[in-house]
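As structure tokens, the structure follows; a few thoughts come after it.
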Amino acid sequence: MPADKTAKSTVNQQEVAVDESGMRVDRWFKLHYPGIGFGQLQKLLRSGQVRVDGGRVKSNTRLASGQTVRVPPVSEQAARPQTMNTIRDRTDRSVLEEAMLFEDDLVMVINKPAGLAVQGGSGLNRHVDGMLEAFRDRKGQKPRLIHRLDRETSGVLVIAKTRRAAADLSVAFRSRKAKKIYWALLRGLPKPLQGRISTYLARGDGEDSDRMQVARHGDDAAQHSVSLYSVVEHVGKNVSWVALKPITGRTHQLRAHTAHIGHPIVGDPKYFNVENWEPPEGIQNRLHLLARRIVLPHPDGGEIDVTAPLPPHMQQSWNMLGFELLDDGDADTDLFAELERKTAR
């Protein structure tokens, strides 16, 4: 039975599909009810409002086809992904709680919406760093940003809740133990279908000071930058769904690298440099770049492994292009391994 994405005033009993067998409960909810945040789902599970075949379950419980999931009444707002329009008039805490993909005593990982800046700047009144004030604890500690995403890039953003966690996670990023996968829609079809992009990047001059440019070794402020890419699906030679893995972490690295090889990201206002090109009908002229997945060591041991869903404008494009989404959760595992082998070269 398909998911009902509209507002619900009654309990919904939803059957687990055959291709959803083995999926975790939390990932099943992310698939069918992407607007329900991590924190909200945890409350529903703890209170027994979410049940499977009548029994209580945890977020990591694996589902089997044919089972029935009890979905309690959810608002229309909770049943759809967050966008700048849906978060504008809501409190900072509620916005971040509903965007939560993972949380424990040390770490938060949110699904940052496209259009929401990570830090403040000229003309910006609302940004993630400022919104974290709503999460100050009794000791006055405010959660700390560990890395950045461009304003128009959506997806996984890691935040430390303590000083110790911030120090440990920062080391993971500096030592490249944090493994990141991005999804993007590129103009054209890269050849070969998998490859390595290695350049030096430096900030431009004058009017181009807000853009990164390919530079030569030895140029002022030039930094070596390496990215891996793998084509997942494509529509002829017009557009391609590509997975990207940044090995280094330079400003605008993936955007500059894809433009450098002649296949810029669709909707990129800074780096899309193809004249007289029109996107396929029904595709919005917005940056099609998602911070899809991050895997990194947890400060207390083990791993944090978090995946973000497509934002609404990218989901619309995937639907229009007929791209078949990989299974949620462990979908990128094979691709991860494939890209990892390339890093050893």
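Residue numbering restarts at 1 for every chain of the structure tokens, chains are lettered A, B, ... in their displayed order, and ligands are numbered from 1 as they appear.
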Determine, using only C-alpha atoms, which residues of region 225-301 of chain A have any atom at most 10 Å from an atom of region 113-121 of chain A, and tabulate each with its shortest atom pair and distance in Å to one decimal place, rows ordered by chain and then rising number, as CSV.
```
residue,atom,partner,partner_atom,distance
A:Arg286,CA,A:Ala114,CA,9.2
A:Leu287,CA,A:Ala114,CA,8.5
A:His288,CA,A:Ala114,CA,9.6
A:Leu289,CA,A:Ala114,CA,9.1
A:Leu290,CA,A:Ala114,CA,8.8
```
Let's have the selection written as a tab-separated table (two decimals), in the first residue's frame, with N, CA and C atoms.
```tsv
chain	number	residue	atom	x	y	z
A	286	ARG	N	18.06	25.13	-9.80
A	286	ARG	CA	18.63	25.24	-8.45
A	286	ARG	C	19.79	24.26	-8.35
A	287	LEU	N	20.71	24.54	-7.45
A	287	LEU	CA	21.89	23.70	-7.31
A	287	LEU	C	21.49	22.27	-6.96
A	288	HIS	N	21.88	21.33	-7.79
A	288	HIS	CA	21.56	19.91	-7.60
A	288	HIS	C	22.76	19.21	-6.97
A	289	LEU	N	22.99	19.51	-5.71
A	289	LEU	CA	24.11	18.91	-4.98
A	289	LEU	C	23.66	18.56	-3.57
A	290	LEU	N	23.81	17.29	-3.21
A	290	LEU	CA	23.39	16.76	-1.91
A	290	LEU	C	24.57	16.13	-1.19
```
Taking 3 positions as the minimum chain separation for residues in the same chain, which residues sit within 6 Å of Ile181 (chain A) when counting only C-alpha atoms? Answer as an NGL selection string.
:A and (244-245 or 292-293)
Write a file of the selected residues as a PDB file, in the first residue's frame, keeping C-alpha atoms.
```pdb
ATOM      1  CA  LEU A 244      31.243  12.337  -5.790  1.00  0.00           C
ATOM      2  CA  LYS A 245      33.817  11.708  -3.087  1.00  0.00           C
ATOM      3  CA  ARG A 292      24.355  12.320   0.782  1.00  0.00           C
ATOM      4  CA  ARG A 293      26.309  10.323   3.355  1.00  0.00           C
TER       5      ARG A 293
END
```
Let's see if you can do this: from backbone DSSP, list all alpha helix (DSSP H) residues in region 44-281 of chain A, as a VMD selection string.
chain A and resid 44 to 46 84 to 87 92 to 98 128 to 131 163 to 174 253 to 260
Keeping C-alpha atoms, export the residues of the selection given above as an mmCIF file, in the first residue's frame.
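Saved as again.cif:
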```
data_model
loop_
_atom_site.group_PDB
_atom_site.id
_atom_site.type_symbol
_atom_site.label_atom_id
_atom_site.label_comp_id
_atom_site.auth_asym_id
_atom_site.auth_seq_id
_atom_site.Cartn_x
_atom_site.Cartn_y
_atom_site.Cartn_z
ATOM 1 C CA LEU A 44 6.945 8.220 18.924
ATOM 2 C CA LEU A 45 8.898 4.975 19.324
ATOM 3 C CA ARG A 46 9.491 5.422 23.067
ATOM 4 C CA MET A 84 13.063 27.399 3.482
ATOM 5 C CA ASN A 85 9.337 28.095 3.025
ATOM 6 C CA THR A 86 8.300 25.509 5.619
ATOM 7 C CA ILE A 87 10.850 26.591 8.256
ATOM 8 C CA ASP A 92 15.102 27.476 15.707
ATOM 9 C CA ARG A 93 14.924 24.465 18.012
ATOM 10 C CA SER A 94 11.922 22.906 16.262
ATOM 11 C CA VAL A 95 13.542 23.351 12.846
ATOM 12 C CA LEU A 96 16.754 21.599 13.876
ATOM 13 C CA GLU A 97 14.944 18.869 15.823
ATOM 14 C CA GLU A 98 12.866 17.965 12.778
ATOM 15 C CA VAL A 128 22.607 27.073 11.558
ATOM 16 C CA ASP A 129 25.343 28.459 13.814
ATOM 17 C CA GLY A 130 22.970 31.056 15.223
ATOM 18 C CA MET A 131 20.122 28.563 15.545
ATOM 19 C CA ARG A 163 34.187 20.485 23.628
ATOM 20 C CA ARG A 164 35.697 17.010 23.739
ATOM 21 C CA ALA A 165 33.478 15.755 20.930
ATOM 22 C CA ALA A 166 34.366 18.835 18.873
ATOM 23 C CA ALA A 167 38.081 18.156 19.317
ATOM 24 C CA ASP A 168 37.758 14.467 18.401
ATOM 25 C CA LEU A 169 35.551 15.074 15.385
ATOM 26 C CA SER A 170 37.787 17.887 14.134
ATOM 27 C CA VAL A 171 40.739 15.493 14.192
ATOM 28 C CA ALA A 172 38.695 12.992 12.152
ATOM 29 C CA PHE A 173 38.048 15.628 9.495
ATOM 30 C CA ARG A 174 41.629 16.931 9.423
ATOM 31 C CA GLN A 253 35.810 21.842 -4.491
ATOM 32 C CA LEU A 254 33.200 19.586 -6.093
ATOM 33 C CA ARG A 255 31.528 22.479 -7.878
ATOM 34 C CA ALA A 256 34.826 23.750 -9.298
ATOM 35 C CA HIS A 257 36.070 20.262 -10.204
ATOM 36 C CA THR A 258 32.952 19.201 -12.104
ATOM 37 C CA ALA A 259 32.994 22.492 -14.038
ATOM 38 C CA HIS A 260 36.693 21.962 -14.773
#
```
One-decimal distance in Å that lies between CA of Tyr182 (chain A) and CA of Asp150 (chain A)
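Pair CA of Asp150 (chain A) / CA of Tyr182 (chain A) returns 12.6 Å.
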Can you write out as CSV which residues of region 110-172 of chain A fall within 10 Å of region 309-319 of chain A, alongside each residue's closest atom pair and its distance in Å to one decimal, counting only C-alpha atoms and ordering rows by chain and ascending residue number?
```
residue,atom,partner,partner_atom,distance
A:Asn111,CA,A:Pro309,CA,8.2
A:Lys112,CA,A:Pro311,CA,9.4
A:Pro113,CA,A:Pro311,CA,7.2
A:Ala114,CA,A:Pro311,CA,7.4
A:Thr153,CA,A:Pro311,CA,9.4
A:Ser154,CA,A:Pro311,CA,6.8
A:Gly155,CA,A:Pro309,CA,7.5
A:Val156,CA,A:Pro309,CA,9.3
```
Based on DSSP run over this structure's backbone, return all residues of region 221-303 of chain A in strand (DSSP E or B), as a ChimeraX atom specification.
/A:223-235,239-246,265,289-297,303
Write out as an MDAnalysis selection string each polymer residue whose atoms come within 12 Å of Pro246 (chain A), counting only C-alpha atoms; drop sequence neighbours fewer than 3 positions from it.
chainID A and resid 173 176:183 196:198 224:230 243 249:258 291 293:294 336 339:340 342:343
As a PyMOL selection string, please: the residues near Glu278 (chain A) (cut-off 12 Å, only C-alpha atoms, same-chain neighbours under 2 positions excluded).
chain A and resi 187-188+238-239+266-267+272+274-276+280-285
Keeping N, CA and C atoms, export the residues of the selection given above as a tab-separated table (two decimals), in the first residue's frame.
```tsv
chain	number	residue	atom	x	y	z
A	187	ARG	N	25.55	18.27	-15.95
A	187	ARG	CA	25.27	18.46	-17.36
A	187	ARG	C	26.18	17.52	-18.15
A	188	GLY	N	25.60	16.76	-19.06
A	188	GLY	CA	26.39	15.88	-19.91
A	188	GLY	C	26.75	14.57	-19.22
A	238	ASN	N	22.85	13.87	-21.99
A	238	ASN	CA	22.32	15.18	-21.59
A	238	ASN	C	22.62	15.49	-20.13
A	239	VAL	N	22.20	14.61	-19.22
A	239	VAL	CA	22.43	14.82	-17.79
A	239	VAL	C	22.81	13.49	-17.14
A	266	VAL	N	24.14	20.97	-12.43
A	266	VAL	CA	22.93	21.66	-12.90
A	266	VAL	C	22.45	22.64	-11.83
A	267	GLY	N	22.17	23.87	-12.26
A	267	GLY	CA	21.63	24.88	-11.35
A	267	GLY	C	22.67	25.61	-10.54
A	272	PHE	N	28.32	27.02	-13.31
A	272	PHE	CA	27.73	26.47	-14.54
A	272	PHE	C	28.12	27.38	-15.70
A	274	VAL	N	28.17	26.61	-19.23
A	274	VAL	CA	27.80	26.14	-20.56
A	274	VAL	C	26.75	27.08	-21.14
A	275	GLU	N	27.08	27.73	-22.24
A	275	GLU	CA	26.15	28.70	-22.84
A	275	GLU	C	25.05	28.00	-23.62
A	276	ASN	N	23.88	28.64	-23.61
A	276	ASN	CA	22.72	28.20	-24.41
A	276	ASN	C	22.31	26.77	-24.11
A	280	PRO	N	16.47	19.79	-18.87
A	280	PRO	CA	15.26	19.09	-19.31
A	280	PRO	C	14.02	19.69	-18.66
A	281	GLU	N	12.91	19.60	-19.36
A	281	GLU	CA	11.66	20.19	-18.87
A	281	GLU	C	11.30	19.62	-17.49
A	282	GLY	N	10.88	20.52	-16.59
A	282	GLY	CA	10.46	20.10	-15.25
A	282	GLY	C	11.56	20.11	-14.22
A	283	ILE	N	12.79	20.46	-14.61
A	283	ILE	CA	13.91	20.51	-13.66
A	283	ILE	C	14.16	21.95	-13.25
A	284	GLN	N	14.14	22.20	-11.96
A	284	GLN	CA	14.32	23.55	-11.44
A	284	GLN	C	15.77	23.99	-11.61
A	285	ASN	N	15.94	25.30	-11.83
A	285	ASN	CA	17.27	25.87	-11.96
A	285	ASN	C	17.83	26.19	-10.58
```
Taking into account only C-alpha atoms, which residue in the set A:Tyr33, A:Lys270, A:Thr61, A:Arg136 is nearest to Ser209 (chain A)?
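That would be A:Lys270, the residue with the smallest distance to Ser209 (chain A).
Shortest separation to Leu186 (chain A) among A:Val231, A:Val11, A:Val158, A:Ile146 occurs at residue A:Val231, atoms counted being only C-alpha atoms.
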I want to know what sits within 7 Å of Arg70 (chain A), based on only C-alpha atoms, with residues of the same chain fewer than 2 positions away left out; could you give that as number ranges by chain?
A: 11-14, 50-52, 68, 72
Could the residues in this selection be saved with C-alpha atoms as an mmCIF file, in the first residue's frame?
```cif
data_model
loop_
_atom_site.group_PDB
_atom_site.id
_atom_site.type_symbol
_atom_site.label_atom_id
_atom_site.label_comp_id
_atom_site.auth_asym_id
_atom_site.auth_seq_id
_atom_site.Cartn_x
_atom_site.Cartn_y
_atom_site.Cartn_z
ATOM 1 C CA VAL A 11 -3.778 6.194 12.616
ATOM 2 C CA ASN A 12 -2.426 4.744 9.376
ATOM 3 C CA GLN A 13 -1.661 1.017 9.096
ATOM 4 C CA GLN A 14 0.909 0.637 6.336
ATOM 5 C CA VAL A 50 4.829 3.463 16.352
ATOM 6 C CA ARG A 51 4.374 -0.319 16.333
ATOM 7 C CA VAL A 52 5.108 -3.191 13.945
ATOM 8 C CA THR A 68 2.250 -3.756 9.206
ATOM 9 C CA PRO A 72 0.327 7.623 14.343
#
```
Show me, as a PyMOL selection string, the residues that have an atom within 12 Å of Arg27 (chain A) when counting only C-alpha atoms, minus same-chain residues fewer than 3 positions from it.
chain A and resi 20-24+30-34+36-38+41+58-63+101-102+306-309+327-331
Separation of CA of Tyr271 (chain A) from CA of Asp210 (chain A) in Å:
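According to the coordinates, CA of Asp210 (chain A) and CA of Tyr271 (chain A) are separated by 10.7 Å.
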Taking into account only C-alpha atoms, which residue in the set A:Asp220, A:Glu233, A:Glu133, A:Asp105 is nearest to Leu189 (chain A)?
A:Glu233
